[in-house]
$ cat entry35.cif   # mmCIF, C-alpha atoms
data_query
loop_
_atom_site.label_atom_id
_atom_site.label_comp_id
_atom_site.auth_asym_id
_atom_site.auth_seq_id
_atom_site.Cartn_x
_atom_site.Cartn_y
_atom_site.Cartn_z
CA MET O 1 95.87 15.87 -116.08
CA THR O 2 94.54 12.53 -117.25
CA THR O 3 94.80 12.06 -121.00
CA ALA O 4 91.53 10.99 -122.55
CA PRO O 5 91.33 7.76 -124.49
CA ALA O 6 91.66 8.33 -128.22
CA LEU O 7 88.12 7.06 -128.87
CA ALA O 8 87.69 6.86 -132.65
CA THR O 9 89.28 10.22 -133.32
CA GLU O 10 92.66 9.08 -134.58
CA ARG O 11 91.37 8.13 -138.01
CA PHE O 12 89.79 11.55 -138.51
CA LEU O 13 92.93 13.62 -137.84
CA THR O 14 96.15 14.10 -139.76
CA ASP O 15 99.50 13.74 -138.02
CA GLN O 16 99.77 17.53 -137.84
CA GLN O 17 96.31 17.85 -136.29
CA ARG O 18 97.09 15.22 -133.68
CA GLU O 19 100.24 17.16 -132.78
CA ILE O 20 98.23 20.40 -132.53
CA ALA O 21 95.86 18.72 -130.08
CA ARG O 22 98.68 17.12 -128.08
CA LEU O 23 100.55 20.42 -127.76
CA GLN O 24 97.52 22.25 -126.35
CA ARG O 25 96.63 19.48 -123.94
CA MET O 26 100.11 18.62 -122.70
CA ARG O 27 100.34 21.42 -120.12
CA GLY O 28 97.02 23.18 -120.72
CA ARG O 29 96.34 26.05 -123.07
CA ALA O 30 97.29 28.70 -120.51
CA CYS O 31 100.76 27.16 -120.27
CA LEU O 32 101.64 27.29 -123.96
CA GLU O 33 104.96 28.96 -124.64
CA PRO O 34 104.55 32.32 -126.45
CA ALA O 35 106.16 30.89 -129.58
CA GLU O 36 103.80 27.90 -129.48
CA ALA O 37 100.72 30.09 -129.09
CA ASP O 38 101.90 32.39 -131.88
CA ALA O 39 102.46 29.46 -134.22
CA LEU O 40 98.99 28.07 -133.57
CA ALA O 41 97.37 31.50 -133.95
CA THR O 42 99.20 32.12 -137.22
CA LEU O 43 98.11 28.72 -138.49
CA HIS O 44 94.47 29.38 -137.67
CA ASP O 45 94.41 32.90 -139.05
CA SER O 46 95.99 31.75 -142.31
CA LEU O 47 92.88 29.61 -142.84
CA LEU O 48 90.38 32.46 -142.51
CA PRO O 49 87.70 33.30 -143.48
CA ALA O 50 86.06 29.91 -143.98
CA PRO O 51 88.28 26.84 -143.90
CA GLY O 52 86.86 23.57 -145.12
CA GLY O 53 87.91 20.15 -146.27
CA ALA O 54 91.10 18.85 -144.70
CA ASP O 55 91.63 22.19 -142.91
CA GLU O 56 88.29 22.03 -141.07
CA ALA O 57 89.63 20.12 -138.07
CA THR O 58 92.71 22.37 -137.89
CA ALA O 59 90.49 25.44 -137.70
CA LEU O 60 88.30 23.88 -135.01
CA LEU O 61 91.37 22.95 -132.95
CA THR O 62 93.02 26.38 -133.15
CA ARG O 63 90.21 28.98 -133.22
CA PRO O 64 90.47 29.80 -129.48
CA VAL O 65 94.06 31.04 -129.91
CA SER O 66 93.29 33.22 -132.96
CA ARG O 67 94.76 36.73 -133.00
CA GLU O 68 92.54 37.99 -135.83
CA LEU O 69 89.16 37.10 -134.33
CA GLU O 70 87.72 39.09 -131.45
CA ILE O 71 86.63 36.25 -129.19
CA PRO O 72 85.52 36.90 -125.59
CA GLU O 73 87.55 34.92 -123.06
CA TYR O 74 84.56 32.81 -122.10
CA TYR O 75 84.28 31.53 -125.66
CA ARG O 76 88.00 30.99 -126.03
CA TYR O 77 87.71 28.82 -122.95
CA THR O 78 84.55 26.87 -123.69
CA CYS O 79 85.15 26.04 -127.40
CA LEU O 80 81.47 26.58 -128.18
CA HIS O 81 82.35 27.21 -131.82
CA VAL O 82 82.77 23.44 -132.14
CA TYR O 83 79.25 22.88 -130.83
CA GLY O 84 77.97 25.48 -133.31
CA TRP O 85 79.78 23.64 -136.12
CA PHE O 86 78.30 20.32 -134.96
CA LEU O 87 74.75 21.72 -134.86
CA ASP O 88 75.11 23.08 -138.40
CA PHE O 89 74.72 19.42 -139.44
CA PHE O 90 71.19 19.42 -137.97
CA PRO O 91 69.43 22.44 -139.56
CA ASP O 92 66.05 20.70 -139.48
CA ASP O 93 66.32 19.21 -135.99
CA PRO O 94 68.73 21.20 -133.78
CA VAL O 95 67.16 19.74 -130.63
CA ALA O 96 68.16 16.20 -131.60
CA GLY O 97 71.59 17.49 -132.62
CA ALA O 98 72.11 19.27 -129.32
CA LEU O 99 71.08 16.21 -127.31
CA LEU O 100 73.50 14.10 -129.33
CA ALA O 101 76.22 16.69 -128.63
CA LEU O 102 75.33 16.54 -124.94
CA HIS O 103 75.61 12.76 -124.91
CA THR O 104 78.96 12.93 -126.73
CA THR O 105 80.31 15.36 -124.13
CA LEU O 106 79.11 13.35 -121.15
CA ALA O 107 80.33 10.06 -122.64
CA ASP O 108 83.77 11.55 -123.27
CA LEU O 109 83.99 12.85 -119.69
CA LEU O 110 82.81 9.50 -118.34
CA GLU O 111 85.52 7.70 -120.31
CA VAL O 112 88.18 10.09 -118.98
CA GLU O 113 87.02 9.58 -115.40
CA ARG O 114 86.89 5.80 -115.76
CA ALA O 115 90.42 5.79 -117.22
CA ALA O 116 91.62 7.86 -114.25
CA TRP O 117 89.93 5.44 -111.86
CA VAL O 118 91.66 2.46 -113.44
CA ALA O 119 94.99 4.31 -113.39
CA GLY O 120 94.55 5.21 -109.72
CA THR O 121 94.73 8.97 -110.34
CA GLU O 122 91.05 9.67 -109.71
CA PRO O 123 90.17 11.80 -106.63
CA GLU O 124 88.69 10.07 -103.58
CA CYS O 125 85.18 10.90 -104.78
CA GLY O 126 85.84 9.16 -108.09
CA ASP O 127 83.40 6.31 -107.62
CA GLU O 128 80.56 8.69 -106.72
CA ARG O 129 81.47 10.97 -109.65
CA ILE O 130 81.34 8.06 -112.06
CA LYS O 131 77.97 6.95 -110.68
CA ARG O 132 76.50 10.43 -111.16
CA LEU O 133 77.98 10.75 -114.63
CA ASP O 134 76.65 7.36 -115.60
CA HIS O 135 73.19 8.36 -114.36
CA ALA O 136 73.23 11.56 -116.44
CA THR O 137 74.44 9.71 -119.53
CA VAL O 138 71.78 7.02 -119.20
CA THR O 139 69.12 9.73 -118.77
CA VAL O 140 70.19 11.40 -121.99
CA ARG O 141 70.18 8.10 -123.89
CA ALA O 142 66.64 7.40 -122.67
CA THR O 143 65.34 10.86 -123.61
CA VAL O 144 62.62 10.72 -126.28
CA VAL O 145 63.32 13.33 -128.94
CA ASN O 146 60.50 12.32 -131.30
CA HIS O 147 57.35 11.42 -129.41
CA LEU O 148 55.43 10.45 -132.54
CA LEU O 149 57.99 7.84 -133.61
CA GLN O 150 59.35 7.20 -130.09
CA VAL O 151 62.91 7.94 -131.18
CA ARG O 152 65.31 8.16 -128.25
CA ILE O 153 68.73 9.77 -128.15
CA GLY O 154 70.22 6.32 -127.65
CA ASP O 155 68.86 5.43 -131.10
CA LEU O 156 70.64 8.46 -132.58
CA VAL O 157 73.86 7.52 -130.79
CA ASP O 158 73.70 4.08 -132.36
CA ARG O 159 72.98 5.56 -135.78
CA ALA O 160 75.85 8.01 -135.42
CA ALA O 161 78.25 5.16 -134.85
CA ALA O 162 77.17 3.60 -138.16
CA ASP O 163 77.09 6.83 -140.19
CA PRO O 164 80.61 7.78 -141.44
CA GLU O 165 80.00 11.54 -141.49
CA LEU O 166 78.19 11.67 -138.17
CA ALA O 167 80.81 9.41 -136.63
CA ARG O 168 83.45 11.87 -137.79
CA ARG O 169 81.57 14.82 -136.38
CA THR O 170 80.91 13.28 -132.98
CA ALA O 171 84.57 12.22 -132.72
CA LEU O 172 85.78 15.71 -133.63
CA LEU O 173 83.30 17.29 -131.21
CA ALA O 174 84.89 15.34 -128.37
CA GLU O 175 88.47 15.91 -129.55
CA CYS O 176 88.23 19.62 -130.35
CA THR O 177 86.58 20.66 -127.07
CA ARG O 178 88.76 18.81 -124.55
CA PHE O 179 91.18 21.67 -123.81
CA PRO O 180 91.47 22.78 -120.17
CA ARG O 181 93.71 25.76 -119.46
CA SER O 182 95.79 23.82 -116.94
CA ASP O 183 97.13 20.29 -116.43
CA ARG O 184 94.84 19.73 -113.40
CA HIS O 185 92.60 16.70 -113.77
CA GLU O 186 89.72 18.43 -112.00
CA GLU O 187 89.55 21.23 -114.56
CA ASN O 188 88.45 18.80 -117.25
CA LEU O 189 85.33 18.05 -115.18
CA PHE O 190 84.62 21.76 -114.74
CA LEU O 191 85.07 22.55 -118.44
CA ARG O 192 82.88 19.65 -119.54
CA ALA O 193 80.18 20.66 -117.05
CA VAL O 194 80.15 24.20 -118.45
CA GLN O 195 79.87 22.86 -122.01
CA CYS O 196 77.01 20.57 -121.00
CA CYS O 197 75.20 23.46 -119.33
CA GLU O 198 75.61 25.64 -122.43
CA THR O 199 74.08 22.91 -124.56
CA LEU O 200 71.20 22.55 -122.11
CA PHE O 201 70.63 26.32 -121.93
CA PHE O 202 70.16 26.25 -125.69
CA LEU O 203 67.86 23.24 -125.53
CA VAL O 204 65.60 24.73 -122.87
CA ARG O 205 65.42 28.02 -124.76
CA ARG O 206 64.75 26.44 -128.14
CA LEU O 207 62.05 24.18 -126.73
CA ALA O 208 60.46 27.11 -124.89
CA VAL O 209 60.26 29.09 -128.13
CA GLU O 210 58.78 26.09 -129.95
CA THR O 211 56.23 25.53 -127.18
CA ALA O 212 55.05 29.13 -127.25
CA ALA O 213 54.81 29.11 -131.05
CA THR O 214 52.74 25.91 -131.31
CA LYS O 215 50.59 25.87 -128.17
CA ASP O 216 47.41 27.16 -129.88
CA GLU O 217 47.51 25.31 -133.20
CA PHE O 218 49.28 22.13 -132.10
CA PRO O 219 48.78 21.80 -128.32
CA ALA O 220 49.84 18.14 -128.16
CA ARG O 221 53.16 18.90 -129.88
CA ALA O 222 53.62 21.95 -127.66
CA ALA O 223 53.06 19.85 -124.56
CA ALA O 224 55.59 17.26 -125.74
CA ARG O 225 58.21 19.96 -126.39
CA LEU O 226 57.51 21.52 -123.00
CA GLU O 227 57.94 18.14 -121.28
CA LEU O 228 61.25 17.72 -123.10
CA ALA O 229 62.29 21.18 -121.88
CA GLY O 230 61.55 19.97 -118.35
CA VAL O 231 63.76 16.92 -118.91
CA CYS O 232 66.58 19.19 -120.13
CA ALA O 233 66.17 21.45 -117.11
CA GLY O 234 66.38 18.36 -114.92
CA LEU O 235 69.61 17.40 -116.69
CA LEU O 236 71.03 20.80 -115.72
CA ASN O 237 70.62 19.69 -112.11
CA ASP O 238 72.19 16.31 -112.89
CA VAL O 239 75.23 18.06 -114.38
CA PHE O 240 75.51 20.23 -111.28
CA SER O 241 75.32 17.10 -109.15
CA VAL O 242 78.38 15.79 -110.98
CA LEU O 243 80.13 19.15 -110.66
CA ARG O 244 79.63 19.13 -106.90
CA THR O 245 81.97 16.15 -106.64
CA LEU O 246 84.67 18.80 -106.97
CA THR O 247 86.01 19.94 -103.62
CA PRO O 248 86.54 23.66 -103.03
CA GLU O 249 90.25 22.89 -102.74
CA GLY O 250 90.20 21.05 -106.05
CA PHE O 251 88.36 23.94 -107.69
CA MET O 252 90.94 26.47 -106.49
CA THR O 253 93.82 24.44 -107.97
CA PHE O 254 92.79 25.54 -111.47
CA ARG O 255 90.53 28.55 -111.01
CA ASP O 256 93.25 31.13 -111.65
CA PHE O 257 94.05 29.49 -114.98
CA THR O 258 90.56 30.31 -116.30
CA GLY O 259 91.39 34.04 -116.15
CA ALA O 260 88.62 36.33 -117.33
CA ALA O 261 86.50 33.50 -118.73
CA SER O 262 83.23 34.13 -116.90
CA ALA O 263 79.81 32.56 -117.31
CA VAL O 264 78.40 36.09 -116.95
CA GLN O 265 79.34 36.37 -120.64
CA SER O 266 77.09 33.46 -121.64
CA LEU O 267 74.64 34.38 -124.38
CA ASN O 268 72.90 31.03 -124.17
CA TYR O 269 72.18 31.46 -120.46
CA HIS O 270 70.84 35.01 -120.58
CA THR O 271 68.69 34.33 -123.65
CA MET O 272 67.31 31.18 -122.03
CA GLU O 273 66.09 33.23 -119.08
CA ILE O 274 64.60 35.88 -121.40
CA SER O 275 62.74 33.23 -123.41
CA ILE O 276 61.35 31.68 -120.23
CA TYR O 277 60.73 34.64 -117.91
CA GLY O 278 61.19 37.83 -119.94
CA TYR O 279 63.69 40.67 -119.86
CA ASP O 280 65.24 41.45 -116.47
CA PRO O 281 65.92 45.22 -116.24
CA ARG O 282 68.37 44.59 -113.39
CA LYS O 283 70.72 43.09 -115.97
CA ALA O 284 70.71 46.13 -118.26
CA GLU O 285 74.02 47.37 -116.86
CA VAL O 286 75.60 43.91 -117.13
CA PHE O 287 74.51 43.64 -120.78
CA GLY O 288 75.72 47.16 -121.51
CA ASN O 289 79.16 46.50 -120.05
CA VAL O 290 79.86 43.38 -122.14
CA ASP O 291 80.11 44.10 -125.87
CA HIS O 292 78.55 40.90 -127.20
CA LEU O 293 75.69 41.07 -124.66
CA ALA O 294 74.63 44.59 -125.68
CA VAL O 295 72.16 43.15 -128.20
CA LEU O 296 70.14 41.84 -125.25
CA ASN O 297 69.23 45.42 -124.37
CA SER O 298 67.63 45.92 -127.80
CA ASP O 299 63.97 46.83 -128.15
CA GLY O 300 63.27 43.54 -129.94
CA VAL O 301 64.59 41.40 -127.10
CA ARG O 302 62.90 43.56 -124.45
CA SER O 303 59.59 43.09 -126.23
CA HIS O 304 59.77 39.30 -126.25
CA HIS O 305 56.67 37.53 -124.93
CA PRO O 306 58.17 34.79 -122.74
CA LEU O 307 56.90 31.30 -122.09
CA SER O 308 55.78 32.17 -118.56
CA ALA O 309 53.41 34.81 -119.93
CA ALA O 310 52.31 32.67 -122.88
CA LEU O 311 51.19 29.90 -120.51
CA ALA O 312 49.91 32.08 -117.68
CA ASP O 313 46.25 31.53 -118.54
CA THR O 314 46.43 28.14 -120.20
CA ALA O 315 43.52 25.78 -119.65
CA ASP O 316 45.48 22.81 -121.00
CA GLU O 317 46.33 20.59 -118.03
CA ARG O 318 49.31 19.05 -119.78
CA LEU O 319 50.80 22.44 -120.56
CA GLU O 320 50.09 23.66 -117.05
CA LYS O 321 51.83 20.62 -115.55
CA GLY O 322 54.75 20.91 -117.96
CA TRP O 323 55.26 24.55 -117.08
CA ALA O 324 55.21 23.83 -113.33
CA GLU O 325 57.86 21.11 -113.75
CA LEU O 326 60.07 23.28 -115.93
CA ASP O 327 59.85 26.27 -113.61
CA ARG O 328 60.57 24.09 -110.58
CA ALA O 329 63.63 22.47 -112.21
CA LEU O 330 65.05 25.84 -113.27
CA ALA O 331 64.47 27.29 -109.79
CA LYS O 332 66.36 24.33 -108.34
CA TRP O 333 69.22 24.94 -110.78
CA ARG O 334 69.45 28.63 -109.89
CA GLY O 335 69.52 27.74 -106.21
CA GLY O 336 72.24 25.18 -106.87
CA HIS O 337 74.24 27.74 -108.83
CA TYR O 338 74.06 30.13 -105.90
CA ARG O 339 75.13 27.45 -103.43
CA PHE O 340 78.02 26.49 -105.70
CA ALA O 341 79.22 30.11 -105.89
CA ARG O 342 78.87 30.52 -102.14
CA THR O 343 80.75 27.27 -101.40
CA TYR O 344 83.50 27.36 -104.01
CA LEU O 345 84.36 31.07 -104.15
CA PRO O 346 86.02 32.51 -101.03
CA SER O 347 84.11 35.54 -99.78
CA ASP O 348 87.10 37.82 -100.33
CA THR O 349 87.70 36.60 -103.90
CA PRO O 350 85.96 38.44 -106.77
CA ALA O 351 84.37 36.33 -109.49
CA SER O 352 86.20 36.02 -112.80
CA GLY O 353 83.62 38.20 -114.55
CA GLY O 354 84.23 41.13 -112.23
CA THR O 355 81.00 40.57 -110.28
CA ASP O 356 80.73 40.05 -106.54
CA GLY O 357 80.41 36.28 -106.95
CA ALA O 358 77.72 34.59 -104.88
CA ALA O 359 76.00 37.90 -104.07
CA TYR O 360 75.58 38.56 -107.80
CA VAL O 361 74.11 35.12 -108.40
CA LYS O 362 71.75 35.47 -105.43
CA ARG O 363 70.23 38.67 -106.84
CA PHE O 364 68.84 36.76 -109.81
CA VAL O 365 67.60 33.57 -108.13
CA LYS O 366 64.05 34.92 -108.06
CA LYS O 367 62.44 35.96 -111.36
CA ASP O 368 59.78 38.34 -110.10
CA ALA O 369 61.59 41.38 -111.54
CA CYS O 370 61.41 40.10 -115.12
CA VAL O 371 59.21 42.02 -117.54
CA ALA O 372 57.11 40.21 -120.15
CA GLY O 373 56.87 41.89 -123.52
CA ALA O 374 53.91 41.49 -125.83
CA ASP O 375 55.59 40.35 -129.06
CA PRO O 376 55.82 36.55 -129.47
CA PHE O 377 58.36 37.13 -132.24
CA GLY O 378 60.40 39.69 -130.31
CA GLY O 379 64.10 38.91 -130.34
CA LEU O 380 63.77 36.20 -132.99
CA PRO O 381 65.70 34.64 -134.65
CA LEU O 382 68.31 35.47 -131.98
CA LEU O 383 66.44 33.60 -129.28
CA SER O 384 66.08 30.38 -131.30
CA GLY O 385 69.68 29.57 -132.30
CA PHE O 386 72.78 28.23 -130.57
CA LEU O 387 74.81 31.30 -129.58
CA TYR O 388 78.55 31.83 -129.24
CA ARG O 389 81.17 34.36 -130.27
#
$ encode --input "entry35.cif" --output "structure tokens"
Amino acid sequence: MTTAPALATERFLTDQQREIARLQRMRGRACLEPAEADALATLHDSLLPAPGGADEATALLTRPVSRELEIPEYYRYTCLHVYGWFLDFFPDDPVAGALLALHTTLADLLEVERAAWVAGTEPECGDERIKRLDHATVTVRATVVNHLLQVRIGDLVDRAAADPELARRTALLAECTRFPRSDRHEENLFLRAVQCCETLFFLVRRLAVETAATKDEFPARAAARLELAGVCAGLLNDVFSVLRTLTPEGFMTFRDFTGAASAVQSLNYHTMEISIYGYDPRKAEVFGNVDHLAVLNSDGVRSHHPLSAALADTADERLEKGWAELDRALAKWRGGHYRFARTYLPSDTPASGGTDGAAYVKRFVKKDACVAGADPFGGLPLLSGFLYR
């Protein structure tokens, strides 16, 4: 596996924390010796319940190997707790925070891939991968997060570099989430793509909730948020474009290391679909079989009035256009997800979440089975926050 450049992280970590990171990255987390994993778990659990100060980075680095916390495998794998910690710094503007987190993740991956290209260890598709990554990163930088003041994410990136606390947080976000399970270079791309998608699921959902809440009183703001949701949905497709530079053979070199970490367990994905299209009764069994998803079968979530229903009769041309673009981009993403599952998972290989792989994904490509509730506040605040376990 290619080791990522240190970026600016070194000055934010102690010698012990740098060793903790090195140990987990050297062979991949799945290849830690039992004694090594036990030592890291003991270290993390000794810091519970709420480490801070100098121990904050240690806790972020070691949470996925905790023995005390009941963490689903998907969240041990994806390190979404670090994204949650990062977004806590943006209580008044989580959308800007999430887009900054997205840029940080893409920029870190781009630097890793460029370093591999220079070192000659990049796969044959490396030049195309770098081009697609560069396109996605530039798109994020150009994204307008404040239409009134015309503030772009690139402006926030520049400010973050000059702000000591934000510089620390962005550096730790990159450092504390770069932990594939194996030493295969290609797994880093897969992990980063999943993390980017999780951030975008949250963004689309949050912006959908904001659009529905403001469309009557502040239609211009609602339209701007809906357009931004469409941009984020488009970025989901850009991320998948990068992911498709993996070959099926490259994917299978690390797939077994991911174990039971399945995207079926993703709270951010399922709640995004509920906020956009409504509750899908076909997923009731899936939600019931996964402990942390059971809340999605609650009466409050089932009663949620989704964006599709909220905009069904809109006479606002801007909202109507924004909805069509968002729906089209999400449909394209679902189709791409199905094609990825069909291409990269052998037909005789079950998916890591215990589903039937591509057939499972195909069942939910169309959204005509979703049921719209009548309560615009149904499922809130659950449906408005960044979710992980």
$ resolve_selection --input "entry35.cif" --expression "the PyMOL selection byres ((chain O and resi 184) around 10)" --output "VMD selection string"
chain O and resid 1 to 2 27 to 28 180 to 183 185 to 189 250 to 251 253 to 254 257
$ write_last_selection --input "entry35.cif" --atoms "C-alpha atoms" --output "short mmCIF file (atom, residue, chain, number, x, y, z; two decimals), keeping the file's coordinate frame"
data_model
loop_
_atom_site.label_atom_id
_atom_site.label_comp_id
_atom_site.auth_asym_id
_atom_site.auth_seq_id
_atom_site.Cartn_x
_atom_site.Cartn_y
_atom_site.Cartn_z
CA MET O 1 95.87 15.87 -116.08
CA THR O 2 94.54 12.53 -117.25
CA ARG O 27 100.34 21.42 -120.12
CA GLY O 28 97.02 23.18 -120.72
CA PRO O 180 91.47 22.78 -120.17
CA ARG O 181 93.71 25.76 -119.46
CA SER O 182 95.79 23.82 -116.94
CA ASP O 183 97.13 20.29 -116.43
CA HIS O 185 92.60 16.70 -113.77
CA GLU O 186 89.72 18.43 -112.00
CA GLU O 187 89.55 21.23 -114.56
CA ASN O 188 88.45 18.80 -117.25
CA LEU O 189 85.33 18.05 -115.18
CA GLY O 250 90.20 21.05 -106.05
CA PHE O 251 88.36 23.94 -107.69
CA THR O 253 93.82 24.44 -107.97
CA PHE O 254 92.79 25.54 -111.47
CA PHE O 257 94.05 29.49 -114.98
#
$ closest_residue --input "entry35.cif" --among "O:Leu40, O:Leu319, O:Leu383, O:Val151" --to "Leu60 in chain O" --atoms "only C-alpha atoms"
O:Leu40
$ residues_around --input "entry35.cif" --residues "range 55-59 of chain O" --least-positions-apart "3" --cutoff "7 Å" --atoms "all atoms listed in the file" --output "JSON list (two decimals) with C-alpha atoms, in the coordinates of the input"
[["chain", "number", "residue", "atom", "x", "y", "z"],
["O", 17, "GLN", "CA", 96.31, 17.85, -136.29],
["O", 44, "HIS", "CA", 94.47, 29.38, -137.67],
["O", 51, "PRO", "CA", 88.28, 26.84, -143.90],
["O", 52, "GLY", "CA", 86.86, 23.57, -145.12],
["O", 62, "THR", "CA", 93.02, 26.38, -133.15],
["O", 63, "ARG", "CA", 90.21, 28.98, -133.22]]
$ residues_around --input "entry35.cif" --residues "range 324-327 of chain O" --least-positions-apart "6" --cutoff "12 Å" --atoms "all atoms listed in the file" --output "JSON, numbers by chain"
{"O": [204, 205, 207, 208, 223, 225, 226, 227, 228, 229, 230, 231, 232, 233, 234, 235, 236, 237, 273, 276, 277, 307, 308, 311, 312, 314, 317, 318, 333, 334, 365, 366, 367]}
$ atom_distance --input "entry35.cif" --atom1 "CA of Ile274 in chain O" --atom2 "CA of Val301 in chain O"
7.9 Å
$ resolve_selection --input "entry35.cif" --expression "the PyMOL selection byres ((chain O and resi 114) around 12)" --output "list in words"
Thr2, Thr3, Ala4, Pro5, Ala107, Asp108, Leu109, Leu110, Glu111, Val112, Glu113, Ala115, Ala116, Trp117, Val118, Ala119, Gly120, Thr121, Glu122, Pro123, Gly126, Asp127, Glu128, Arg129, Ile130, Lys131, Leu133 and Asp134 of chain O
$ closest_residue --input "entry35.cif" --among "O:Thr271, O:Ser298, O:Ser66, O:Thr245" --to "Ser384 in chain O" --atoms "all atoms listed in the file"
O:Thr271
$ atom_distance --input "entry35.cif" --atom1 "CA of Phe287 in chain O" --atom2 "CA of Pro91 in chain O"
28.8 Å
$ residues_around --input "entry35.cif" --residues "Phe340 in chain O" --least-positions-apart "5" --cutoff "9 Å" --atoms "all atoms listed in the file" --output "list in words"
Phe240, Arg244, Gly335, Leu345 and Ala358 of chain O
$ resolve_selection --input "entry35.cif" --expression "the PyMOL selection byres ((chain O and resi 105) around 9)" --output "PyMOL selection string"
chain O and resi 100-104+106-110+173-174+177+192-193+195-196
$ residues_around --input "entry35.cif" --residues "Ala21 in chain O" --least-positions-apart "3" --cutoff "10 Å" --atoms "only C-alpha atoms" --output "PyMOL selection string"
chain O and resi 13+16-18+24-26+58+61-62+175-179
$ closest_residue --input "entry35.cif" --among "O:Asp155, O:Asp280, O:Glu124, O:Glu165" --to "Leu246 in chain O" --atoms "only C-alpha atoms"
O:Glu124
$ closest_residue --input "entry35.cif" --among "O:Cys370, O:Ala310, O:Ala35, O:Leu293" --to "Asp216 in chain O" --atoms "only C-alpha atoms"
O:Ala310
$ closest_residue --input "entry35.cif" --among "O:Tyr338, O:Tyr83, O:Phe386, O:Phe202" --to "Arg363 in chain O" --atoms "all atoms listed in the file"
O:Tyr338
$ atom_distance --input "entry35.cif" --atom1 "CA of Phe377 in chain O" --atom2 "CA of Asp93 in chain O"
20.0 Å
$ closest_residue --input "entry35.cif" --among "O:Glu19, O:Glu285, O:Glu320, O:Glu198" --to "Asn268 in chain O" --atoms "all atoms listed in the file"
O:Glu198
$ residues_around --input "entry35.cif" --residues "Leu156 in chain O" --least-positions-apart "3" --cutoff "9 Å" --atoms "all atoms listed in the file" --output "number ranges by chain"
O: 96, 100, 141, 151-153, 159-161
